[in-house]
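Have a look at protein36.txt; it's compact mmCIF, C-alpha atoms and all ligand atoms:
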# COMPACT_ATOMS: atom_id res chain seq x y z
CA MET A 1 81.85 -42.85 -123.60
CA ILE A 2 81.44 -42.93 -119.82
CA LYS A 3 85.09 -42.00 -119.57
CA ASP A 4 84.45 -38.87 -121.62
CA LEU A 5 81.36 -37.99 -119.67
CA PHE A 6 83.32 -38.36 -116.45
CA LYS A 7 86.09 -36.16 -117.81
CA GLY A 8 83.54 -33.55 -118.83
CA ILE A 9 82.01 -33.53 -115.36
CA ARG A 10 85.41 -33.17 -113.72
CA ALA A 11 86.31 -30.36 -116.08
CA GLY A 12 83.22 -28.42 -115.00
CA ASP A 13 81.25 -28.90 -118.20
CA ARG A 14 77.64 -28.18 -117.24
CA PHE A 15 76.20 -30.04 -120.19
CA ALA A 16 78.11 -33.14 -119.19
CA LEU A 17 76.79 -32.79 -115.64
CA SER A 18 73.22 -32.34 -116.86
CA ARG A 19 73.50 -35.33 -119.16
CA ALA A 20 74.90 -37.43 -116.35
CA ILE A 21 72.04 -36.49 -114.03
CA THR A 22 69.51 -37.35 -116.72
CA MET A 23 71.21 -40.70 -117.18
CA VAL A 24 71.19 -41.49 -113.47
CA GLU A 25 67.54 -40.44 -113.14
CA SER A 26 66.57 -42.55 -116.12
CA LYS A 27 64.72 -45.76 -115.43
CA ARG A 28 65.89 -47.32 -118.67
CA PRO A 29 67.54 -50.66 -117.93
CA ASP A 30 70.03 -50.22 -120.77
CA GLN A 31 71.43 -47.15 -119.04
CA ARG A 32 71.83 -48.76 -115.67
CA ALA A 33 75.26 -50.28 -116.19
CA GLU A 34 76.68 -47.06 -117.58
CA ALA A 35 75.17 -45.01 -114.79
CA GLN A 36 76.71 -47.36 -112.24
CA GLU A 37 80.12 -47.12 -113.79
CA LEU A 38 79.91 -43.35 -113.80
CA LEU A 39 78.76 -43.16 -110.18
CA ILE A 40 81.52 -45.41 -108.98
CA ARG A 41 84.10 -43.27 -110.73
CA CYS A 42 82.58 -40.16 -109.19
CA GLU A 43 82.41 -41.64 -105.73
CA GLU A 44 86.15 -42.28 -105.86
CA VAL A 45 86.99 -38.65 -106.44
CA VAL A 46 84.47 -36.66 -104.45
CA LYS A 47 85.44 -35.00 -101.25
CA ASN A 48 82.56 -34.60 -98.87
CA PRO A 49 80.45 -31.68 -99.97
CA LEU A 50 78.18 -30.10 -97.39
CA VAL A 51 74.74 -31.40 -98.31
CA VAL A 52 71.91 -29.19 -97.11
CA SER A 53 68.20 -29.81 -97.42
CA VAL A 54 65.96 -26.75 -97.37
CA THR A 55 62.46 -27.89 -96.65
CA GLY A 56 59.14 -26.34 -95.69
CA PRO A 57 55.54 -25.93 -96.80
CA PRO A 58 54.66 -24.71 -100.29
CA GLY A 59 55.20 -20.99 -100.76
CA VAL A 60 57.18 -20.43 -97.55
CA GLY A 61 60.07 -19.02 -99.57
CA LYS A 62 62.43 -21.97 -100.08
CA SER A 63 63.57 -20.98 -103.56
CA THR A 64 64.03 -17.33 -102.57
CA PHE A 65 65.93 -18.42 -99.45
CA ILE A 66 68.18 -20.76 -101.42
CA GLU A 67 68.98 -17.96 -103.81
CA ALA A 68 69.94 -15.72 -100.86
CA ILE A 69 72.21 -18.26 -99.16
CA GLY A 70 73.50 -19.53 -102.50
CA LEU A 71 74.65 -16.05 -103.50
CA ALA A 72 76.24 -15.55 -100.07
CA LEU A 73 78.08 -18.87 -100.40
CA VAL A 74 79.34 -17.92 -103.86
CA GLU A 75 80.54 -14.63 -102.43
CA GLN A 76 82.51 -16.62 -99.85
CA GLY A 77 84.21 -18.49 -102.68
CA HIS A 78 82.11 -21.63 -102.65
CA ARG A 79 80.56 -23.44 -105.58
CA VAL A 80 76.91 -24.26 -105.11
CA ALA A 81 74.66 -26.83 -106.76
CA VAL A 82 70.91 -26.57 -106.23
CA LEU A 83 68.72 -29.57 -106.93
CA SER A 84 65.29 -28.11 -106.71
CA VAL A 85 61.72 -29.20 -106.92
CA ASP A 86 59.00 -26.95 -108.15
CA PRO A 87 55.63 -28.46 -107.20
CA ALA A 88 53.90 -26.09 -109.60
CA SER A 89 56.00 -27.46 -112.40
CA GLN A 90 55.15 -31.00 -111.39
CA MET A 91 51.49 -30.26 -111.75
CA SER A 92 51.86 -28.48 -115.05
CA GLY A 93 54.01 -31.31 -116.29
CA GLY A 94 57.46 -29.88 -116.37
CA SER A 95 57.46 -26.12 -116.70
CA ILE A 96 60.53 -24.99 -114.85
CA LEU A 97 59.93 -21.30 -115.19
CA GLY A 98 58.93 -20.87 -111.57
CA ASP A 99 62.21 -21.74 -109.98
CA LYS A 100 64.29 -20.43 -112.81
CA THR A 101 62.91 -16.95 -112.30
CA ARG A 102 62.99 -17.20 -108.51
CA MET A 103 66.67 -18.08 -108.54
CA ALA A 104 67.50 -15.86 -111.47
CA MET A 105 70.55 -14.21 -109.94
CA LEU A 106 72.04 -17.41 -108.64
CA GLY A 107 71.30 -19.04 -111.98
CA ARG A 108 73.50 -16.47 -113.70
CA SER A 109 76.48 -17.16 -111.46
CA ALA A 110 79.27 -19.18 -113.01
CA GLN A 111 79.85 -20.74 -109.58
CA ALA A 112 76.33 -22.11 -109.29
CA TYR A 113 74.41 -24.88 -110.96
CA ILE A 114 70.63 -25.15 -110.69
CA ARG A 115 68.81 -28.27 -111.70
CA PRO A 116 65.03 -28.52 -111.45
CA SER A 117 63.48 -31.82 -110.54
CA SER A 118 62.59 -34.51 -112.96
CA ASN A 119 59.13 -35.98 -113.27
CA ASN A 120 59.86 -39.05 -111.23
CA ASN A 121 59.92 -36.87 -108.17
CA GLN A 122 56.31 -37.36 -107.17
CA TYR A 123 56.61 -36.41 -103.56
CA GLY A 124 58.28 -33.07 -103.96
CA GLY A 125 61.13 -34.44 -101.97
CA ILE A 126 64.01 -36.81 -101.92
CA THR A 127 64.03 -39.40 -104.67
CA THR A 128 65.74 -42.74 -104.77
CA VAL A 129 68.59 -41.16 -106.76
CA SER A 130 68.98 -37.87 -104.91
CA ARG A 131 72.14 -39.02 -103.20
CA GLU A 132 73.56 -39.97 -106.58
CA THR A 133 72.66 -36.70 -108.30
CA GLY A 134 74.25 -34.85 -105.38
CA MET A 135 77.37 -36.94 -105.82
CA LEU A 136 77.59 -36.04 -109.50
CA CYS A 137 77.46 -32.37 -108.54
CA ALA A 138 80.18 -32.92 -105.97
CA ALA A 139 82.32 -34.63 -108.60
CA ALA A 140 81.83 -31.53 -110.74
CA GLY A 141 83.44 -29.48 -107.98
CA TYR A 142 80.42 -28.09 -106.15
CA ASP A 143 81.32 -28.05 -102.47
CA HIS A 144 77.77 -27.24 -101.34
CA VAL A 145 74.81 -29.23 -102.59
CA ILE A 146 71.41 -27.83 -101.66
CA PHE A 147 68.18 -29.78 -102.08
CA GLU A 148 64.88 -27.95 -102.15
CA THR A 149 62.20 -30.27 -100.84
CA VAL A 150 58.59 -29.65 -99.93
CA GLY A 151 58.12 -30.84 -96.38
CA ILE A 152 55.15 -33.04 -97.03
CA GLY A 153 54.52 -36.75 -97.05
CA GLN A 154 57.34 -39.12 -97.67
CA SER A 155 60.05 -36.53 -98.09
CA GLU A 156 59.72 -35.51 -94.46
CA SER A 157 61.62 -38.50 -93.25
CA ASP A 158 63.65 -39.27 -96.35
CA VAL A 159 65.77 -36.14 -96.09
CA ARG A 160 67.70 -37.77 -93.29
CA PHE A 161 69.13 -40.31 -95.71
CA ILE A 162 70.98 -37.78 -97.79
CA ALA A 163 71.41 -34.41 -96.06
CA ASP A 164 74.07 -33.44 -93.57
CA MET A 165 72.08 -30.43 -92.49
CA VAL A 166 68.34 -29.87 -92.60
CA ILE A 167 66.94 -26.34 -92.67
CA LEU A 168 63.20 -26.05 -92.11
CA LEU A 169 61.53 -22.81 -93.16
CA LEU A 170 58.45 -21.70 -91.27
CA GLN A 171 55.75 -19.14 -91.99
CA PRO A 172 55.33 -16.33 -89.48
CA GLY A 173 52.54 -17.34 -87.13
CA SER A 174 52.90 -21.06 -87.76
CA GLY A 175 53.91 -21.90 -84.20
CA ASP A 176 50.67 -23.49 -83.08
CA GLU A 177 49.91 -25.54 -86.11
CA LEU A 178 53.38 -27.00 -86.01
CA GLN A 179 53.06 -28.34 -82.49
CA GLY A 180 51.37 -31.48 -83.69
CA TYR A 181 51.86 -31.99 -87.37
CA LYS A 182 55.31 -32.29 -88.90
CA ARG A 183 57.00 -33.56 -85.80
CA GLY A 184 59.09 -35.79 -87.99
CA VAL A 185 60.84 -33.10 -89.88
CA LEU A 186 60.77 -30.73 -86.92
CA GLU A 187 62.90 -33.15 -84.96
CA GLN A 188 65.36 -33.51 -87.80
CA ALA A 189 65.86 -29.84 -88.52
CA HIS A 190 69.22 -28.48 -87.45
CA LEU A 191 68.04 -24.99 -88.16
CA LEU A 192 64.53 -23.57 -88.07
CA VAL A 193 64.13 -20.29 -89.88
CA VAL A 194 60.99 -18.21 -89.62
CA ASN A 195 61.05 -16.58 -93.05
CA LYS A 196 59.29 -13.46 -94.35
CA ALA A 197 60.37 -11.41 -91.36
CA ASP A 198 59.77 -8.14 -93.17
CA GLY A 199 57.10 -5.44 -93.32
CA GLU A 200 53.97 -6.21 -91.37
CA GLN A 201 55.02 -9.77 -90.65
CA GLN A 202 58.27 -8.97 -88.88
CA GLN A 203 56.80 -8.85 -85.37
CA LEU A 204 54.79 -11.99 -85.92
CA ALA A 205 57.94 -13.75 -87.14
CA GLU A 206 59.80 -12.74 -83.97
CA HIS A 207 56.89 -13.95 -81.90
CA THR A 208 56.90 -17.31 -83.71
CA ARG A 209 60.61 -17.65 -83.10
CA LEU A 210 60.11 -17.11 -79.37
CA SER A 211 57.39 -19.74 -79.22
CA PHE A 212 59.85 -22.29 -80.57
CA GLU A 213 62.80 -21.07 -78.57
CA THR A 214 61.53 -22.79 -75.43
CA ASN A 215 61.58 -26.31 -76.80
CA ARG A 216 64.66 -26.68 -78.86
CA MET A 217 66.16 -30.12 -79.11
CA MET A 218 69.33 -31.96 -79.90
CA VAL A 219 69.14 -33.06 -83.49
CA ASP A 220 72.38 -34.96 -83.68
CA GLN A 221 74.63 -35.79 -80.77
CA ILE A 222 76.75 -32.82 -81.77
CA TRP A 223 74.25 -30.17 -82.67
CA GLN A 224 71.59 -28.30 -80.75
CA GLN A 225 68.72 -27.08 -82.85
CA ARG A 226 68.67 -23.34 -83.50
CA ILE A 227 65.89 -21.04 -84.49
CA LEU A 228 66.34 -17.80 -86.38
CA VAL A 229 64.23 -15.25 -88.16
CA ALA A 230 65.07 -14.04 -91.64
CA SER A 231 63.74 -12.43 -94.74
CA ALA A 232 64.92 -14.17 -97.86
CA LEU A 233 63.60 -11.18 -99.76
CA SER A 234 65.31 -8.33 -97.88
CA GLY A 235 68.33 -10.26 -96.64
CA TYR A 236 67.54 -9.59 -92.99
CA GLY A 237 68.87 -12.41 -90.81
CA ILE A 238 70.75 -14.07 -93.64
CA PRO A 239 74.20 -13.37 -92.08
CA GLU A 240 73.08 -15.32 -88.99
CA VAL A 241 71.97 -18.19 -91.20
CA MET A 242 75.37 -18.10 -92.90
CA ASN A 243 77.10 -18.27 -89.51
CA ALA A 244 75.09 -21.34 -88.57
CA LEU A 245 75.92 -22.95 -91.90
CA SER A 246 79.63 -22.37 -91.54
CA GLU A 247 79.65 -23.54 -87.93
CA PHE A 248 77.89 -26.70 -88.97
CA GLY A 249 80.31 -27.16 -91.84
CA GLN A 250 83.21 -27.08 -89.41
CA LEU A 251 81.90 -29.92 -87.27
CA ASP A 252 83.50 -33.31 -87.52
CA LEU A 253 80.80 -35.11 -89.49
CA VAL A 254 82.62 -38.37 -90.13
CA GLU A 255 80.62 -40.52 -87.73
CA LEU A 256 77.30 -38.95 -88.59
CA ARG A 257 77.92 -39.42 -92.28
CA LEU A 258 78.78 -43.06 -91.86
CA ALA A 259 75.61 -43.68 -89.85
CA ARG A 260 73.60 -41.78 -92.43
CA GLU A 261 75.06 -43.72 -95.32
CA GLN A 262 74.27 -46.96 -93.56
CA ASP A 263 70.69 -45.80 -93.08
CA TRP A 264 70.62 -44.83 -96.72
CA PHE A 265 71.89 -48.27 -97.70
CA ARG A 266 69.21 -49.99 -95.60
CA TRP A 267 66.53 -47.76 -97.08
CA ARG A 268 67.63 -48.49 -100.64
CA THR A 269 68.07 -52.24 -100.13
CA GLU A 270 64.64 -52.58 -98.53
CA ASP A 271 63.19 -50.70 -101.45
CA LEU A 272 64.95 -52.93 -103.97
CA ILE A 273 63.92 -56.10 -102.17
CA ARG A 274 60.31 -54.97 -102.03
CA SER A 275 60.08 -54.18 -105.73
CA LYS A 276 61.98 -57.29 -106.75
CA VAL A 277 59.77 -59.61 -104.73
CA ALA A 278 56.60 -57.89 -105.93
CA GLU A 279 57.78 -58.34 -109.49
CA MET A 280 58.77 -61.96 -108.94
CA LEU A 281 55.43 -62.94 -107.43
CA ALA A 282 53.19 -60.70 -109.51
CA PRO A 283 51.39 -63.59 -111.27
CA GLU A 284 50.71 -65.33 -107.94
CA ILE A 285 49.43 -62.11 -106.40
CA LYS A 286 47.15 -61.60 -109.38
CA SER A 287 45.75 -65.10 -109.15
CA LEU A 288 45.17 -64.80 -105.39
CA LEU A 289 43.29 -61.57 -105.98
CA GLN A 290 41.12 -63.37 -108.51
CA ASP A 291 40.42 -66.13 -106.00
CA MET A 292 39.26 -63.51 -103.54
CA GLU A 293 37.02 -62.04 -106.19
CA LYS A 294 35.47 -65.43 -106.92
CA GLY A 295 35.04 -66.04 -103.24
CA THR A 296 37.16 -69.21 -103.25
CA LEU A 297 39.65 -67.70 -100.81
CA SER A 298 39.01 -65.39 -97.90
CA PRO A 299 41.43 -62.49 -97.40
CA THR A 300 43.07 -64.32 -94.52
CA GLN A 301 43.43 -67.52 -96.51
CA ALA A 302 44.82 -65.57 -99.46
CA LEU A 303 47.46 -63.95 -97.31
CA PHE A 304 48.47 -67.25 -95.72
CA ARG A 305 48.71 -68.80 -99.17
CA PHE A 306 50.89 -65.94 -100.30
CA ASP A 307 53.15 -66.35 -97.30
CA GLU A 308 53.57 -70.04 -98.15
CA LEU A 309 54.36 -69.23 -101.78
CA LEU A 310 56.90 -66.63 -100.73
CA HIS A 311 58.71 -69.11 -98.50
CA GLU A 312 58.66 -71.80 -101.16
CA ARG A 313 60.27 -69.40 -103.60
CA LEU A 314 62.92 -68.21 -101.20
CA ASP A 315 63.95 -71.61 -99.85
N1 LIG B 1 57.60 -10.85 -97.89
C1 LIG B 1 58.36 -11.89 -98.23
N2 LIG B 1 58.01 -12.68 -99.25
C2 LIG B 1 58.82 -13.72 -99.55
C3 LIG B 1 60.01 -14.00 -98.84
N3 LIG B 1 60.57 -15.09 -99.35
C4 LIG B 1 59.78 -15.48 -100.38
N4 LIG B 1 58.73 -14.65 -100.51
C5 LIG B 1 57.66 -14.71 -101.49
O1 LIG B 1 56.87 -15.85 -101.31
C6 LIG B 1 56.47 -16.41 -102.55
C7 LIG B 1 56.95 -17.84 -102.64
O2 LIG B 1 58.37 -17.85 -102.64
P1 LIG B 1 59.21 -19.10 -103.13
O3 LIG B 1 60.61 -18.79 -102.86
O4 LIG B 1 58.81 -19.46 -104.49
O5 LIG B 1 58.66 -20.18 -102.12
P2 LIG B 1 58.86 -21.75 -102.20
O6 LIG B 1 58.79 -22.24 -100.80
O7 LIG B 1 60.06 -22.08 -102.98
O8 LIG B 1 57.57 -22.18 -102.99
P3 LIG B 1 57.29 -23.62 -103.64
O9 LIG B 1 58.57 -24.09 -104.27
O10 LIG B 1 56.21 -23.32 -104.63
O11 LIG B 1 56.84 -24.49 -102.51
C8 LIG B 1 57.07 -15.51 -103.63
O12 LIG B 1 56.11 -14.60 -104.04
C9 LIG B 1 58.22 -14.83 -102.91
O13 LIG B 1 58.51 -13.58 -103.45
C10 LIG B 1 60.35 -13.13 -97.75
O14 LIG B 1 61.36 -13.28 -97.06
N5 LIG B 1 59.49 -12.10 -97.49
MG MG B 2 60.35 -23.33 -104.71

Please go through the file and, once you have read it, give me the structure as structure tokens.
Amino acid sequence: MIKDLFKGIRAGDRFALSRAITMVESKRPDQRAEAQELLIRCEEVVKNPLVVSVTGPPGVGKSTFIEAIGLALVEQGHRVAVLSVDPASQMSGGSILGDKTRMAMLGRSAQAYIRPSSNNNQYGGITTVSRETGMLCAAAGYDHVIFETVGIGQSESDVRFIADMVILLLQPGSGDELQGYKRGVLEQAHLLVVNKADGEQQQLAEHTRLSFETNRMMVDQIWQQRILVASALSGYGIPEVMNALSEFGQLDLVELRLAREQDWFRWRTEDLIRSKVAEMLAPEIKSLLQDMEKGTLSPTQALFRFDELLHERLD
């Protein structure tokens, strides 16, 4: 069964790919073994796709921008997978109309695959299986995998575990507000793009670009941050974005990818350890909480007691 699914993915069968992603995203324990087998098979065959994360505040134009660069990549002969998150759809409980219509043209291309997020993506960002879903797409022959993530909360820092290249979209006029907040993702962005540089906002966008130009930073040892202006809607500035993408794609990413995958591994193992231990000691935690409620243990005593219990269990 997994063998057939794998064959389907390799043959470019979209339904097989979609089914595989659903399986990997599933939390059902009975699917875990199959999902693992599939992922290991895929990992053996994938060549490194270029994994790009397009992030930014809600409404900045991420979906529109991804459609623009996705279409340009397809025109260059690439195959593009988009794993997108539509916060609106999360709130309405799964309507995917928003992104489907926003990436309508790309969605019609035979060389592109668009997959909206699943419900377990609470943060509008990277999930614990994003790397895996990207790998399935790569196994299906997509050489560019683009994640759309809202640059809020947890996802800000998690993008670094899975993306080769981070593109942060900015609103025209957002220079000041960004000085403080969002440093995390600002420091990780290989490319900053002030979007919506069209009509009345064009000058403001240029101005915002200049305000960032003065404090660009090295993101990786091999890449100096760049800042561009563009209009995802009109296409202005998109050729420059494409140049940056292809330059980045030509870098030797071997070392960076290894370091990133090690970070990813640490992140995932810590997560697994945390949930396993919490599950293992759930009854003890519950009883300690009750003791606090009854007043028989102070918070400090309860924590010390828990620490003792934890060590007893692990020894
Ligand atoms: N003027 C102008 N409007 C744009 C541009 N890019 C996107 N928009 C508009 O901005 C709105 C939001 O665009 P989206 O592409 O959905 O933005 P998003 O960042 O994906 O939004 P969320 O996924 O909801 O966070 C839409 O009405 C777009 O038409 C642009 O370059 N110029
Ligand atoms: Mg969007």

(request) Work out how far apart atom CA of Gly134 of chain A and atom CA of Pro29 of chain A are and give it in Å to one decimal. (result)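 Computed distance, atom CA of Gly134 of chain A to atom CA of Pro29 of chain A, equals 21.3 Å.
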
(request) Rank nothing, just name the residue among A:Ala11, A:Val193, A:Leu83, A:Ala16 nearest to ligand MG 2 (chain B), using all atoms listed in the file. (result) A:Leu83

(message) Between atom CA of Gln188 of chain A and atom CA of Trp264 of chain A, what is the distance in Å, rounded to a tenth?
(response) 15.3 Å

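When atom C7 of ligand LIG 1 (chain B) is paired with atom CA of Ser63 of chain A, their separation reads 7.4 Å.
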
(request) List all protein, DNA and RNA residues that have at least one atom no more than 8 Å from any atom of ligand LIG 1 (chain B), counting only C-alpha atoms and all ligand atoms, and write them as a ChimeraX atom specification. (result) /A:55-66,85-88,98-99,102,148-150,195-199,201,230-235

(request) Check the smallest atom-to-atom distance from each of A:Leu228, A:Met103, A:Ser246, A:Val241 to ligand MG 2 (chain B) using only C-alpha atoms and all ligand atoms, then report the winner. (result)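 When distances to ligand MG 2 (chain B) are compared using only C-alpha atoms and all ligand atoms, the smallest one comes from A:Met103.
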
Segment 130-142 of chain A from the block above: N, CA and C atoms written as an mmCIF file, in the first residue's frame:
data_model
loop_
_atom_site.group_PDB
_atom_site.id
_atom_site.type_symbol
_atom_site.label_atom_id
_atom_site.label_comp_id
_atom_site.auth_asym_id
_atom_site.auth_seq_id
_atom_site.Cartn_x
_atom_site.Cartn_y
_atom_site.Cartn_z
ATOM 1 N N SER A 130 6.085 20.226 8.901
ATOM 2 C CA SER A 130 6.316 21.007 7.678
ATOM 3 C C SER A 130 7.499 20.476 6.862
ATOM 4 N N ARG A 131 8.558 20.119 7.565
ATOM 5 C CA ARG A 131 9.712 19.601 6.836
ATOM 6 C C ARG A 131 9.308 18.355 6.054
ATOM 7 N N GLU A 132 8.508 17.512 6.687
ATOM 8 C CA GLU A 132 8.087 16.267 6.057
ATOM 9 C C GLU A 132 7.173 16.517 4.861
ATOM 10 N N THR A 133 6.224 17.447 5.006
ATOM 11 C CA THR A 133 5.330 17.700 3.863
ATOM 12 C C THR A 133 6.136 18.297 2.703
ATOM 13 N N GLY A 134 7.117 19.123 3.027
ATOM 14 C CA GLY A 134 7.987 19.656 1.982
ATOM 15 C C GLY A 134 8.753 18.540 1.282
ATOM 16 N N MET A 135 9.165 17.562 2.063
ATOM 17 C CA MET A 135 9.925 16.449 1.493
ATOM 18 C C MET A 135 9.057 15.613 0.558
ATOM 19 N N LEU A 136 7.804 15.435 0.922
ATOM 20 C CA LEU A 136 6.891 14.697 0.036
ATOM 21 C C LEU A 136 6.764 15.424 -1.301
ATOM 22 N N CYS A 137 6.658 16.734 -1.236
ATOM 23 C CA CYS A 137 6.560 17.519 -2.475
ATOM 24 C C CYS A 137 7.832 17.361 -3.312
ATOM 25 N N ALA A 138 8.966 17.381 -2.625
ATOM 26 C CA ALA A 138 10.230 17.216 -3.346
ATOM 27 C C ALA A 138 10.294 15.845 -4.010
ATOM 28 N N ALA A 139 9.792 14.833 -3.304
ATOM 29 C CA ALA A 139 9.793 13.486 -3.876
ATOM 30 C C ALA A 139 8.882 13.417 -5.094
ATOM 31 N N ALA A 140 7.895 14.293 -5.127
ATOM 32 C CA ALA A 140 6.984 14.339 -6.267
ATOM 33 C C ALA A 140 7.560 15.162 -7.419
ATOM 34 N N GLY A 141 8.788 15.632 -7.246
ATOM 35 C CA GLY A 141 9.460 16.309 -8.353
ATOM 36 C C GLY A 141 9.381 17.824 -8.330
ATOM 37 N N TYR A 142 8.893 18.402 -7.242
ATOM 38 C CA TYR A 142 8.871 19.864 -7.163
ATOM 39 C C TYR A 142 10.239 20.328 -6.685
#
